[in-house]
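**Student:** Okay, so here is protein-v9.cif, and as you'll see once you scroll down, it has mmCIF, C-alpha atoms.
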data_target
#
loop_
_atom_site.label_atom_id
_atom_site.label_comp_id
_atom_site.auth_asym_id
_atom_site.auth_seq_id
_atom_site.Cartn_x
_atom_site.Cartn_y
_atom_site.Cartn_z
CA MET A 62 0.00 0.00 0.00
CA GLU A 63 3.02 2.34 -0.47
CA SER A 64 1.38 4.04 -3.43
CA PHE A 65 -1.86 4.95 -1.60
CA SER A 66 -1.79 8.64 -2.59
CA LEU A 67 -3.97 11.57 -1.57
CA ILE A 68 -6.01 11.43 -4.77
CA LEU A 69 -6.59 7.74 -4.22
CA ALA A 70 -7.83 8.41 -0.70
CA ILE A 71 -10.19 11.09 -2.08
CA VAL A 72 -11.52 8.60 -4.63
CA VAL A 73 -12.16 5.96 -1.95
CA VAL A 74 -14.01 8.46 0.28
CA THR A 75 -16.08 9.70 -2.68
CA ALA A 76 -16.91 6.12 -3.65
CA LEU A 77 -18.18 5.41 -0.15
CA ALA A 78 -20.23 8.63 -0.33
CA PHE A 79 -21.80 7.30 -3.53
CA ASP A 80 -22.45 4.01 -1.78
CA PHE A 81 -24.23 5.92 0.98
CA THR A 82 -26.48 7.71 -1.55
CA ASN A 83 -27.09 4.36 -3.22
CA GLY A 84 -28.35 3.04 0.11
CA PHE A 85 -30.94 5.72 0.83
CA HIS A 86 -31.82 6.07 -2.86
CA ASP A 87 -32.63 2.36 -3.21
CA THR A 88 -34.19 1.62 0.18
CA ALA A 89 -37.54 1.86 -1.59
CA ASN A 90 -36.67 -1.16 -3.70
CA ALA A 91 -36.73 -3.41 -0.67
CA MET A 92 -39.18 -1.81 1.73
CA ALA A 93 -41.62 0.50 -0.09
CA THR A 94 -44.31 -2.14 -0.62
CA THR A 95 -43.84 -3.52 2.90
CA ILE A 96 -44.36 -0.05 4.39
CA SER A 97 -47.29 0.89 2.12
CA THR A 98 -49.25 -2.26 3.02
CA GLY A 99 -48.57 -1.84 6.74
CA ALA A 100 -46.64 -5.09 7.08
CA LEU A 101 -43.82 -3.26 8.89
CA LYS A 102 -43.43 0.12 10.55
CA PRO A 103 -41.19 2.46 8.50
CA LYS A 104 -38.30 2.63 10.98
CA VAL A 105 -38.33 -1.12 11.60
CA ALA A 106 -38.37 -1.77 7.85
CA VAL A 107 -35.33 0.37 7.06
CA ALA A 108 -33.38 -1.04 10.04
CA MET A 109 -34.02 -4.59 8.87
CA SER A 110 -33.08 -3.66 5.31
CA ALA A 111 -29.82 -2.05 6.49
CA VAL A 112 -28.68 -5.18 8.32
CA LEU A 113 -29.48 -7.46 5.39
CA ASN A 114 -27.74 -5.12 2.93
CA LEU A 115 -24.59 -5.48 5.01
CA VAL A 116 -24.88 -9.26 5.06
CA GLY A 117 -25.52 -9.39 1.32
CA ALA A 118 -22.32 -7.49 0.59
CA PHE A 119 -20.29 -10.53 1.65
CA LEU A 120 -22.10 -13.13 -0.46
CA SER A 121 -20.47 -12.59 -3.85
CA VAL A 122 -17.98 -10.49 -5.86
CA GLU A 123 -19.14 -11.32 -9.39
CA VAL A 124 -20.75 -7.92 -10.03
CA ALA A 125 -17.71 -6.14 -8.54
CA ASN A 126 -15.49 -8.01 -11.00
CA THR A 127 -17.75 -6.98 -13.90
CA ILE A 128 -17.07 -3.32 -13.10
CA SER A 129 -13.42 -3.56 -12.04
CA LYS A 130 -12.30 -5.96 -14.78
CA GLY A 131 -14.83 -5.93 -17.60
CA LEU A 132 -16.56 -2.63 -18.37
CA VAL A 133 -13.54 -0.42 -19.14
CA ASP A 134 -9.85 -0.94 -19.83
CA GLU A 135 -8.37 -0.83 -16.35
CA THR A 136 -4.80 -0.32 -17.59
CA GLY A 137 -5.50 3.13 -19.03
CA ILE A 138 -7.57 4.55 -16.16
CA ARG A 139 -6.26 7.13 -13.70
CA PRO A 140 -7.74 7.69 -10.22
CA GLU A 141 -8.95 11.10 -11.37
CA VAL A 142 -11.15 9.36 -13.94
CA ILE A 143 -12.82 7.30 -11.22
CA PHE A 144 -13.35 10.45 -9.17
CA ALA A 145 -15.01 12.22 -12.11
CA ALA A 146 -17.26 9.19 -12.69
CA LEU A 147 -18.38 9.24 -9.06
CA VAL A 148 -19.23 12.95 -9.27
CA GLY A 149 -21.66 12.29 -12.12
CA ALA A 150 -23.25 9.35 -10.30
CA ILE A 151 -23.68 11.15 -6.97
CA LEU A 152 -25.25 14.27 -8.47
CA TRP A 153 -27.72 12.22 -10.53
CA ASN A 154 -28.68 10.19 -7.45
CA LEU A 155 -29.31 13.34 -5.42
CA LEU A 156 -31.33 15.06 -8.15
CA THR A 157 -33.63 12.08 -8.70
CA TRP A 158 -33.98 11.64 -4.92
CA LEU A 159 -35.03 15.29 -4.64
CA VAL A 160 -37.94 14.81 -7.05
CA GLY A 161 -38.77 11.35 -5.66
CA LEU A 162 -38.03 9.38 -8.83
CA PRO A 163 -36.76 5.79 -8.46
CA SER A 164 -33.92 5.90 -10.99
CA SER A 165 -31.02 3.47 -11.24
CA SER A 166 -27.97 4.13 -9.06
CA SER A 167 -26.22 1.35 -10.96
CA HIS A 168 -26.69 3.03 -14.32
CA ALA A 169 -25.70 6.38 -12.84
CA LEU A 170 -22.40 4.87 -11.70
CA MET A 171 -21.73 3.10 -14.98
CA GLY A 172 -22.78 6.14 -17.00
CA GLY A 173 -20.37 8.34 -15.06
CA LEU A 174 -17.60 5.78 -15.50
CA ILE A 175 -18.21 5.48 -19.25
CA GLY A 176 -18.32 9.26 -19.76
CA ALA A 177 -15.17 9.92 -17.75
CA THR A 178 -13.32 7.05 -19.46
CA VAL A 179 -14.26 8.28 -22.93
CA ALA A 180 -13.16 11.82 -22.05
CA SER A 181 -9.83 10.50 -20.77
CA ALA A 182 -8.89 7.63 -23.09
CA GLY A 183 -11.44 7.62 -25.93
CA PHE A 184 -14.20 5.22 -26.92
CA GLY A 185 -11.76 2.36 -27.38
CA ALA A 186 -11.26 2.12 -23.60
CA VAL A 187 -14.91 1.06 -23.12
CA HIS A 188 -15.69 -2.62 -23.71
CA GLY A 189 -18.83 -2.40 -25.79
CA ASP A 190 -19.66 -6.11 -25.64
CA VAL A 191 -19.72 -6.07 -21.82
CA LEU A 192 -21.78 -2.87 -21.85
CA VAL A 193 -24.42 -4.43 -24.10
CA THR A 194 -24.60 -7.95 -22.66
CA LYS A 195 -24.25 -7.21 -18.94
CA VAL A 196 -25.69 -3.71 -18.62
CA LEU A 197 -28.03 -2.61 -21.42
CA LEU A 198 -29.81 -5.90 -22.18
CA PRO A 199 -30.52 -6.64 -18.50
CA ALA A 200 -31.80 -3.07 -18.13
CA VAL A 201 -34.45 -3.71 -20.79
CA ALA A 202 -35.27 -7.30 -19.93
CA ALA A 203 -35.29 -7.13 -16.12
CA PRO A 204 -38.37 -4.94 -15.54
CA VAL A 205 -40.34 -6.80 -18.23
CA VAL A 206 -39.51 -10.25 -16.87
CA ALA A 207 -40.08 -9.20 -13.25
CA GLY A 208 -43.33 -7.45 -14.17
CA LEU A 209 -44.73 -10.47 -16.00
CA ALA A 210 -43.73 -12.78 -13.14
CA ALA A 211 -45.36 -10.47 -10.58
CA MET A 212 -48.54 -10.14 -12.66
CA LEU A 213 -48.91 -13.91 -13.02
CA SER A 214 -48.11 -14.44 -9.34
CA THR A 215 -50.73 -11.90 -8.33
CA ARG A 216 -53.42 -13.45 -10.50
CA PHE A 217 -52.57 -16.91 -9.21
CA SER A 218 -52.65 -15.65 -5.62
CA TYR A 219 -56.09 -14.11 -6.00
CA ALA A 220 -57.38 -17.15 -7.89
CA ILE A 221 -56.47 -19.68 -5.21
CA GLY A 222 -57.32 -17.45 -2.29
CA GLY A 223 -60.30 -15.54 -3.60
CA LYS A 224 -62.70 -16.97 -1.03
CA ALA A 225 -60.24 -16.90 1.86
CA ASP A 226 -60.11 -13.17 2.44
CA GLY A 227 -60.14 -13.13 6.21
CA GLU A 228 -57.82 -11.53 8.71
CA ALA A 229 -55.78 -14.74 9.04
CA THR A 230 -55.08 -14.71 5.30
CA ARG A 231 -53.97 -11.09 5.37
CA LYS A 232 -51.65 -11.79 8.29
CA GLY A 233 -50.17 -14.72 6.41
CA TYR A 234 -49.44 -12.61 3.35
CA ARG A 235 -47.94 -9.89 5.50
CA ALA A 236 -45.59 -12.41 7.09
CA GLY A 237 -44.64 -13.66 3.64
CA GLN A 238 -44.12 -10.10 2.48
CA ILE A 239 -41.72 -9.40 5.35
CA ALA A 240 -39.71 -12.49 4.45
CA SER A 241 -39.62 -11.60 0.75
CA ALA A 242 -38.68 -7.97 1.55
CA GLY A 243 -35.77 -9.28 3.58
CA LEU A 244 -34.73 -11.36 0.58
CA VAL A 245 -34.80 -8.26 -1.63
CA SER A 246 -32.61 -6.41 0.88
CA LEU A 247 -30.16 -9.29 0.90
CA ALA A 248 -30.14 -9.32 -2.90
CA HIS A 249 -29.68 -5.56 -3.01
CA GLY A 250 -26.59 -5.82 -0.83
CA THR A 251 -25.30 -8.65 -3.01
CA ASN A 252 -25.76 -6.64 -6.22
CA ASP A 253 -25.50 -2.93 -5.43
CA ALA A 254 -22.86 -2.92 -2.70
CA GLN A 255 -20.61 -4.80 -5.11
CA LYS A 256 -20.74 -1.91 -7.57
CA THR A 257 -18.92 0.31 -5.10
CA MET A 258 -16.50 -2.53 -4.32
CA GLY A 259 -15.78 -2.76 -8.03
CA ILE A 260 -15.24 0.98 -8.46
CA ILE A 261 -12.90 1.17 -5.43
CA THR A 262 -10.97 -1.86 -6.66
CA LEU A 263 -10.67 -0.24 -10.08
CA ALA A 264 -9.31 2.91 -8.43
CA LEU A 265 -6.81 0.86 -6.39
CA ILE A 266 -5.61 -0.82 -9.59
CA ALA A 267 -5.35 2.54 -11.38
CA GLY A 268 -3.39 3.98 -8.46
CA GLY A 269 -1.05 1.01 -8.25
CA ALA A 270 -2.21 -0.05 -4.77
CA VAL A 271 -3.22 -3.54 -5.93
CA SER A 272 -2.25 -5.60 -8.95
CA PRO A 273 -4.48 -5.77 -12.06
CA GLY A 274 -7.06 -8.55 -11.97
CA SER A 275 -7.30 -8.61 -8.18
CA ASN A 276 -10.55 -9.28 -6.34
CA PRO A 277 -11.81 -6.62 -3.90
CA PRO A 278 -9.79 -6.63 -0.65
CA THR A 279 -11.63 -7.50 2.56
CA TRP A 280 -11.52 -3.92 3.87
CA VAL A 281 -13.17 -2.74 0.65
CA ILE A 282 -16.00 -5.27 1.04
CA LEU A 283 -16.54 -4.30 4.67
CA SER A 284 -16.49 -0.54 4.11
CA ALA A 285 -18.81 -0.76 1.10
CA GLY A 286 -21.26 -2.93 3.06
CA LEU A 287 -21.27 -0.52 6.01
CA ALA A 288 -21.75 2.55 3.80
CA ILE A 289 -24.74 1.13 1.94
CA ALA A 290 -26.24 -0.16 5.20
CA LEU A 291 -25.97 3.30 6.81
CA GLY A 292 -27.55 4.94 3.78
CA THR A 293 -30.35 2.38 3.84
CA TYR A 294 -31.06 3.08 7.51
CA ILE A 295 -31.32 6.82 6.83
CA GLY A 296 -34.19 5.95 4.48
CA GLY A 297 -34.96 7.57 1.15
CA TRP A 298 -38.48 8.50 2.20
CA ARG A 299 -39.29 10.50 -0.95
CA ILE A 300 -38.65 7.54 -3.23
CA ILE A 301 -40.31 5.12 -0.81
CA ARG A 302 -43.49 7.21 -1.08
CA THR A 303 -43.38 7.13 -4.88
CA MET A 304 -42.69 3.41 -5.08
CA GLY A 305 -45.15 2.40 -2.38
CA THR A 306 -48.16 4.55 -3.26
CA GLY A 307 -47.32 6.47 -6.43
CA LEU A 308 -47.41 3.59 -8.91
CA THR A 309 -50.40 1.59 -7.68
CA ASP A 310 -52.40 0.79 -4.55
CA LEU A 311 -51.05 -2.40 -3.03
CA GLU A 312 -52.62 -5.10 -0.89
CA PRO A 313 -50.51 -7.55 1.15
CA ARG A 314 -50.71 -10.37 -1.38
CA GLN A 315 -49.64 -7.98 -4.14
CA GLY A 316 -46.69 -6.85 -2.07
CA PHE A 317 -45.70 -10.45 -1.49
CA ALA A 318 -45.86 -11.24 -5.21
CA ALA A 319 -43.86 -8.14 -6.14
CA GLN A 320 -41.10 -8.72 -3.60
CA THR A 321 -40.74 -12.43 -4.36
CA SER A 322 -40.50 -11.85 -8.11
CA ALA A 323 -37.96 -9.04 -7.67
CA ALA A 324 -35.76 -10.98 -5.24
CA THR A 325 -35.62 -13.98 -7.58
CA ALA A 326 -34.56 -11.84 -10.55
CA ILE A 327 -31.92 -9.89 -8.59
CA LEU A 328 -30.31 -12.94 -6.99
CA ALA A 329 -30.14 -14.77 -10.32
CA SER A 330 -28.54 -11.73 -11.98
CA SER A 331 -25.98 -11.34 -9.19
CA HIS A 332 -24.96 -14.98 -9.62
CA LEU A 333 -24.43 -14.41 -13.35
CA GLY A 334 -22.47 -11.17 -12.82
CA PHE A 335 -25.07 -8.91 -14.42
CA SER A 336 -24.90 -5.35 -13.11
CA LEU A 337 -28.64 -5.21 -12.73
CA SER A 338 -30.68 -2.21 -11.63
CA THR A 339 -32.73 -3.24 -8.61
CA THR A 340 -34.84 -0.13 -9.19
CA HIS A 341 -35.89 -1.37 -12.62
CA VAL A 342 -36.69 -4.82 -11.29
CA VAL A 343 -38.78 -3.71 -8.32
CA SER A 344 -40.61 -1.01 -10.30
CA GLY A 345 -41.53 -3.57 -12.95
CA SER A 346 -42.74 -5.96 -10.25
CA VAL A 347 -44.92 -3.30 -8.60
CA MET A 348 -46.53 -2.36 -11.92
CA GLY A 349 -47.05 -6.04 -12.68
CA THR A 350 -48.99 -6.53 -9.46
CA GLY A 351 -51.16 -3.54 -10.32
CA LEU A 352 -52.05 -5.15 -13.63
CA GLY A 353 -52.50 -8.58 -12.05
CA ARG A 354 -55.21 -7.62 -9.55
CA LYS A 355 -58.74 -7.31 -10.87
CA GLY A 356 -59.70 -3.67 -10.57
CA GLY A 357 -56.09 -2.67 -9.93
CA VAL A 358 -54.83 0.60 -11.35
CA VAL A 359 -51.35 1.58 -12.52
CA ARG A 360 -50.68 5.32 -12.45
CA TRP A 361 -49.12 5.62 -15.87
CA SER A 362 -48.22 9.29 -15.45
CA THR A 363 -45.82 8.33 -12.63
CA ALA A 364 -44.58 5.32 -14.60
CA THR A 365 -43.88 7.56 -17.62
CA ARG A 366 -41.83 9.99 -15.54
CA MET A 367 -39.85 7.06 -14.16
CA LEU A 368 -39.22 5.69 -17.64
CA ILE A 369 -37.91 9.07 -18.80
CA ALA A 370 -35.55 9.15 -15.82
CA TRP A 371 -34.35 5.63 -16.64
CA VAL A 372 -33.57 6.59 -20.24
CA LEU A 373 -31.73 9.75 -19.20
CA THR A 374 -29.67 8.20 -16.40
CA LEU A 375 -26.79 6.75 -18.43
CA PRO A 376 -26.27 9.72 -20.79
CA ALA A 377 -26.80 12.37 -18.09
CA ALA A 378 -24.34 10.80 -15.67
CA ALA A 379 -21.92 10.19 -18.56
CA LEU A 380 -22.09 13.86 -19.56
CA VAL A 381 -21.39 15.08 -16.03
CA GLY A 382 -18.59 12.52 -15.65
CA ALA A 383 -16.99 13.65 -18.92
CA LEU A 384 -17.17 17.32 -17.93
CA ALA A 385 -15.71 16.56 -14.50
CA GLU A 386 -12.89 14.58 -16.10
CA SER A 387 -12.10 17.49 -18.43
CA VAL A 388 -11.65 19.73 -15.39
CA THR A 389 -9.64 17.24 -13.32
CA ASP A 390 -7.35 16.76 -16.33
CA LEU A 391 -6.08 20.31 -15.75
CA GLY A 392 -4.18 19.23 -12.65
CA ASP A 393 -4.56 19.17 -8.88
CA TRP A 394 -6.36 22.50 -8.82
CA GLY A 395 -8.88 21.14 -11.32
CA THR A 396 -9.56 18.16 -9.05
CA ALA A 397 -10.01 20.58 -6.14
CA VAL A 398 -12.51 22.63 -8.15
CA VAL A 399 -14.55 19.53 -8.97
CA ALA A 400 -14.51 18.44 -5.32
CA VAL A 401 -15.71 21.86 -4.13
CA PHE A 402 -18.43 21.85 -6.80
CA LEU A 403 -19.63 18.40 -5.71
CA ILE A 404 -19.84 19.44 -2.05
CA ALA A 405 -21.59 22.74 -2.85
CA ALA A 406 -24.10 21.13 -5.23
CA SER A 407 -24.89 18.36 -2.75
CA ALA A 408 -25.45 20.90 0.04
CA ALA A 409 -27.70 23.02 -2.20
CA ILE A 410 -29.84 20.00 -3.13
CA TRP A 411 -30.19 18.99 0.51
CA LYS A 412 -31.16 22.53 1.55
CA TYR A 413 -33.75 22.74 -1.21
CA SER A 414 -35.23 19.43 -0.06
CA ARG A 415 -35.99 20.97 3.34
CA ARG A 416 -38.78 23.04 1.75
CA GLU A 417 -40.93 19.91 1.73
CA VAL A 418 -39.81 17.45 4.37
CA VAL A 419 -40.77 13.80 3.79
CA ASP A 420 -39.99 11.43 6.64
CA HIS A 421 -41.24 8.19 8.17
CA THR A 422 -44.37 9.94 9.49
CA SER A 423 -45.59 11.04 6.06
CA VAL A 424 -44.15 8.37 3.80
CA ALA A 425 -47.35 6.32 3.58
CA ALA A 426 -49.51 9.22 2.42
CA GLY A 427 -51.08 8.43 -0.92
CA PRO A 428 -50.68 10.64 -3.97
CA ALA A 429 -53.13 13.34 -4.83
CA GLU A 430 -55.87 12.40 -7.27
CA GLU A 431 -54.86 13.17 -10.82
CA PRO A 432 -57.15 15.52 -12.80
CA PRO A 433 -58.96 13.97 -15.76
CA GLY A 434 -56.94 14.05 -18.93
CA VAL A 435 -57.92 15.37 -22.36
CA VAL A 436 -59.15 11.99 -23.61
CA THR A 437 -61.31 11.39 -20.54
CA THR A 438 -62.85 14.86 -20.81
CA ALA A 439 -63.58 14.44 -24.53
CA ILE A 440 -65.26 11.08 -23.99
CA ALA A 441 -67.46 12.55 -21.27
CA MET A 442 -68.54 15.37 -23.60
CA VAL A 443 -69.66 13.11 -26.46
CA THR A 444 -71.23 10.34 -24.40
CA PRO A 445 -75.01 10.22 -25.08
CA PRO A 446 -77.39 10.55 -22.11
CA PRO A 447 -78.59 7.27 -20.60
CA THR A 448 -81.93 5.87 -21.70
CA GLY A 449 -84.76 4.19 -19.85
CA THR A 450 -86.12 5.26 -16.52
CA VAL A 451 -83.52 8.01 -16.18
CA THR A 452 -85.13 10.00 -19.03
CA GLU A 453 -87.84 11.32 -16.76
CA ASP A 454 -85.28 12.54 -14.27
CA LEU A 455 -83.32 14.25 -17.03
CA THR A 456 -86.49 15.87 -18.37
CA ALA A 457 -87.40 17.09 -14.96
CA MET A 458 -84.03 18.82 -14.76
CA ILE A 459 -84.81 20.94 -17.85
CA PRO A 460 -86.19 24.27 -16.61
CA ALA A 461 -89.66 25.15 -17.84
CA PRO A 462 -90.00 28.39 -19.82
CA ALA A 463 -91.06 31.37 -17.76
CA PRO A 464 -94.81 32.26 -18.23
CA SER A 465 -95.38 35.39 -20.31
CA PRO A 466 -97.36 38.17 -18.64
CA SER A 467 -101.03 38.42 -19.56
CA PRO A 468 -101.75 41.27 -22.01
CA VAL A 469 -103.67 44.22 -20.67
CA PRO A 470 -107.05 44.43 -22.52
CA VAL A 471 -107.72 47.64 -24.45
CA PRO A 472 -111.41 48.58 -24.40
CA THR A 473 -112.93 49.12 -27.85
CA GLU A 474 -116.44 49.33 -29.14
CA SER A 475 -116.34 45.86 -30.74
CA ALA A 476 -114.41 44.23 -27.98
CA THR A 477 -115.89 41.20 -26.43
CA PRO A 478 -115.88 40.83 -22.68
CA ALA A 479 -112.58 39.49 -21.37
CA VAL A 480 -112.68 35.85 -20.43
CA PRO A 481 -111.29 35.14 -16.95
CA PRO A 482 -108.18 32.95 -16.97
CA ALA A 483 -109.86 30.24 -14.97
CA ALA A 484 -112.68 30.04 -17.47
CA ALA A 485 -110.26 29.92 -20.34
CA VAL A 486 -108.59 26.92 -18.80
#
Any chance you could put this one into structure tokens?
**Tutor:**
Amino acid sequence: MESFSLILAIVVVTALAFDFTNGFHDTANAMATTISTGALKPKVAVAMSAVLNLVGAFLSVEVANTISKGLVDETGIRPEVIFAALVGAILWNLLTWLVGLPSSSSHALMGGLIGATVASAGFGAVHGDVLVTKVLLPAVAAPVVAGLAAMLSTRFSYAIGGKADGEATRKGYRAGQIASAGLVSLAHGTNDAQKTMGIITLALIAGGAVSPGSNPPTWVILSAGLAIALGTYIGGWRIIRTMGTGLTDLEPRQGFAAQTSAATAILASSHLGFSLSTTHVVSGSVMGTGLGRKGGVVRWSTATRMLIAWVLTLPAAALVGALAESVTDLGDWGTAVVAVFLIAASAAIWKYSRREVVDHTSVAAGPAEEPPGVVTTAIAMVTPPPTGTVTEDLTAMIPAPAPSPSPVPVPTESATPAVPPAAAV
């Protein structure tokens, strides 16, 4: 460890800061449905998730090796490049947390790394085959597969338990949901904590602290697990609210189906070394349960905003990472400028978030009702009035014309005597 320089220490600290934001940004993936259905109290849920995230960090290093050995050419990377990549990832995480959008911390990290690497060493330093097979394809397939599995699981659950809708059944599903939420937390630690392990290991290789091709050292695994666990315990309440009540209204059996489907997909991907986005998987599962329950509703306006954030994550983080790398390339003072900018921007985002505080006491509040859209309004305007017995009611609602005043008779010689109104009737 003779070559553990100051810049390398800065990179390691920044990587752990990213890991912390990853923890509170992605807490919703494991515990949003459990909190929204009332299976666990908010504080208990995030504490349980934090512990299991720490345990999951020790289960595998396959995803860490994908990042440290496979995504970019590790021989041409400087520690400053890793620092610039982390700046792009952290700022994107904080911005999406501020607006409560469940975006992918994984893609933010990889986008920042790709942008900084391209700015430093060109496009040839990025391994395109690894990017496509282990990042982009799982990003598209994961939410679809998890959503279909959750939809089928929900329909099957309601089909076999349609007549058993008592309190005992609800308690059983809540217990199952707690167990499946714990499995998601374990899977999240196995997948997401490894991303920070991989980025720190890549920085250590770039700085000459460890030899190329090395697995993450034990202290890296431990520090990454602790950082993501602490971030998870803080709780990303804004994103938990969006995931738990913003996409659909969940019942315990839906929550159980969503969590089980998500945990299965994440654990399988971690075993294969896919750098999967747990946000994509869990969001797809939640939407699948909304479609799987008869009468369930998916709030597509929220889903559309999430999809836009997913599409923008990689290029936005890559752009910030490339700009940060261009500044750090100017020398030590450039690195200092980027560090000051990161701290100032993070502080400004946190201060702005205090205008509307969301914590464990308000996280379960449902979203406001959306106003009717243009299509709904147009359909209501052209819909013909109902027929049948309602016609009389509709007719009765039509105001009768006001009676005209009786004309004042003008006496003339040939005038006949005025007929009284009663007689005329």
**Student:** If you measure from atom CA of A:Ile68 to atom CA of A:Met258, what distance in Å do you get, rounded to one decimal?
**Tutor:** 17.5 Å
**Student:** The PyMOL selection byres ((chain A and resi 101-107) around 8) - which residues does that actually catch in the file I just gave you? List them as a list in words.
**Tutor:**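 So the PyMOL selection byres ((chain A and resi 101-107) around 8), applied here, picks out Thr88, Met92, Thr95, Ile96, Gly99, Ala100, Ala108, Met109, Ser110, Ala111, Ile239, Thr293, Tyr294, Ile295, Gly296 and His421 of chain A.
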**Student:** Given the PyMOL selection byres ((chain A and resi 321) around 10) and the file above, list the residues it selects as a list in words.
**Tutor:** Ala207, Ala210, Ala211, Ser214, Gly237, Gln238, Ala240, Ser241, Ala242, Gly243, Leu244, Val245, Gln315, Gly316, Phe317, Ala318, Ala319, Gln320, Ser322, Ala323, Ala324, Thr325, Ala326, Val343 and Ser346 of chain A
**Student:** I need the residue nearest A:Asp390 from this list: A:Ala180, A:Val342, A:Leu132, A:Ile289. Use all atoms listed in the file for the distance.
**Tutor:**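 Result for the nearest residue to A:Asp390: A:Ala180.
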**Student:** At a cut-off of 12 Å, using only C-alpha atoms, what residues contact A:Leu368? Leave out same-chain residues fewer than 2 positions from it and give the result as a PyMOL selection string.
**Tutor:** chain A and resi 162-165+200-201+204+340-341+344-345+361-366+370-374
**Student:** Determine the residue set returned by the PyMOL selection byres ((chain A and resi 78) around 10) for the present structure, and present it as a list of chain:residue names.
**Tutor:**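 For this structure, the PyMOL selection byres ((chain A and resi 78) around 10) resolves to A:Val72, A:Val73, A:Val74, A:Thr75, A:Ala76, A:Leu77, A:Phe79, A:Asp80, A:Phe81, A:Thr82, A:Asn83, A:Gly84, A:Leu147, A:Val148, A:Ile151, A:Thr257, A:Ala285, A:Ala288, A:Ile289, A:Gly292.
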**Student:** Quick check, in Å to one decimal: how far apart do atom CA of A:His168 and atom CA of A:Leu375 lie?
**Tutor:**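 One can read the atom CA of A:His168 to atom CA of A:Leu375 distance as 5.5 Å.
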**Student:** Which residues, protein or nucleic acid, reach to within 12 Å of (-7.5, -3.2, 4.8) in the file's coordinates when using all atoms listed in the file, and can you give that as a ChimeraX atom specification?
**Tutor:** /A:62,65,265,270-271,277-284
**Student:** So how many Å separate atom CA of A:Pro140 and atom CA of A:Ala377, to one decimal?
**Tutor:**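 Answer for the atom CA of A:Pro140 to atom CA of A:Ala377 separation: 21.1 Å.
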**Student:** Counting only C-alpha atoms, select every polymer residue within 9 Å of (-48.2, -2.3, -10.7) as defined in the file's coordinates, and provide the selection as a list in words.
**Tutor:**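 The requested residues, written out, are Gly208, Ala211, Met212, Leu308, Thr309, Asp310, Leu311, Gln315, Ala319, Ser344, Gly345, Ser346, Val347, Met348, Gly349, Thr350, Gly351, Leu352, Gly353, Arg354, Gly357, Val358, Val359 and Arg360 of chain A.
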**Student:** Hey, which of A:Ile404, A:Val419, A:Leu287, A:Met367 ends up closest to A:Leu115? Count only C-alpha atoms.
**Tutor:**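 Of A:Ile404, A:Val419, A:Leu287, A:Met367, the one nearest A:Leu115, counting only C-alpha atoms, is A:Leu287.
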**Student:** If I only have part of stretch 408-419 of chain A, can you fill in N, CA and C atoms and write it as an mmCIF file, in the coordinates of the input?
**Tutor:**
data_model
loop_
_atom_site.group_PDB
_atom_site.id
_atom_site.type_symbol
_atom_site.label_atom_id
_atom_site.label_comp_id
_atom_site.auth_asym_id
_atom_site.auth_seq_id
_atom_site.Cartn_x
_atom_site.Cartn_y
_atom_site.Cartn_z
ATOM 1 N N ALA A 408 -24.871 20.103 -1.049
ATOM 2 C CA ALA A 408 -25.450 20.900 0.040
ATOM 3 C C ALA A 408 -26.651 21.695 -0.440
ATOM 4 N N ALA A 409 -26.580 22.236 -1.664
ATOM 5 C CA ALA A 409 -27.700 23.020 -2.200
ATOM 6 C C ALA A 409 -28.927 22.129 -2.419
ATOM 7 N N ILE A 410 -28.717 20.921 -2.923
ATOM 8 C CA ILE A 410 -29.840 20.000 -3.130
ATOM 9 C C ILE A 410 -30.471 19.627 -1.792
ATOM 10 N N TRP A 411 -29.637 19.346 -0.802
ATOM 11 C CA TRP A 411 -30.190 18.990 0.510
ATOM 12 C C TRP A 411 -30.968 20.161 1.112
ATOM 13 N N LYS A 412 -30.450 21.372 0.999
ATOM 14 C CA LYS A 412 -31.160 22.530 1.550
ATOM 15 C C LYS A 412 -32.484 22.750 0.846
ATOM 16 N N TYR A 413 -32.499 22.574 -0.469
ATOM 17 C CA TYR A 413 -33.750 22.740 -1.210
ATOM 18 C C TYR A 413 -34.769 21.684 -0.802
ATOM 19 N N SER A 414 -34.304 20.495 -0.457
ATOM 20 C CA SER A 414 -35.230 19.430 -0.060
ATOM 21 C C SER A 414 -35.934 19.731 1.249
ATOM 22 N N ARG A 415 -35.377 20.632 2.056
ATOM 23 C CA ARG A 415 -35.990 20.970 3.340
ATOM 24 C C ARG A 415 -37.257 21.791 3.174
ATOM 25 N N ARG A 416 -37.538 22.289 1.971
ATOM 26 C CA ARG A 416 -38.780 23.040 1.750
ATOM 27 C C ARG A 416 -40.002 22.149 1.901
ATOM 28 N N GLU A 417 -39.849 20.889 1.538
ATOM 29 C CA GLU A 417 -40.930 19.910 1.730
ATOM 30 C C GLU A 417 -40.316 18.667 2.356
ATOM 31 N N VAL A 418 -40.437 18.544 3.646
ATOM 32 C CA VAL A 418 -39.810 17.450 4.370
ATOM 33 C C VAL A 418 -40.700 16.205 4.265
ATOM 34 N N VAL A 419 -40.095 15.106 3.841
ATOM 35 C CA VAL A 419 -40.770 13.800 3.790
ATOM 36 C C VAL A 419 -39.992 12.861 4.697
#
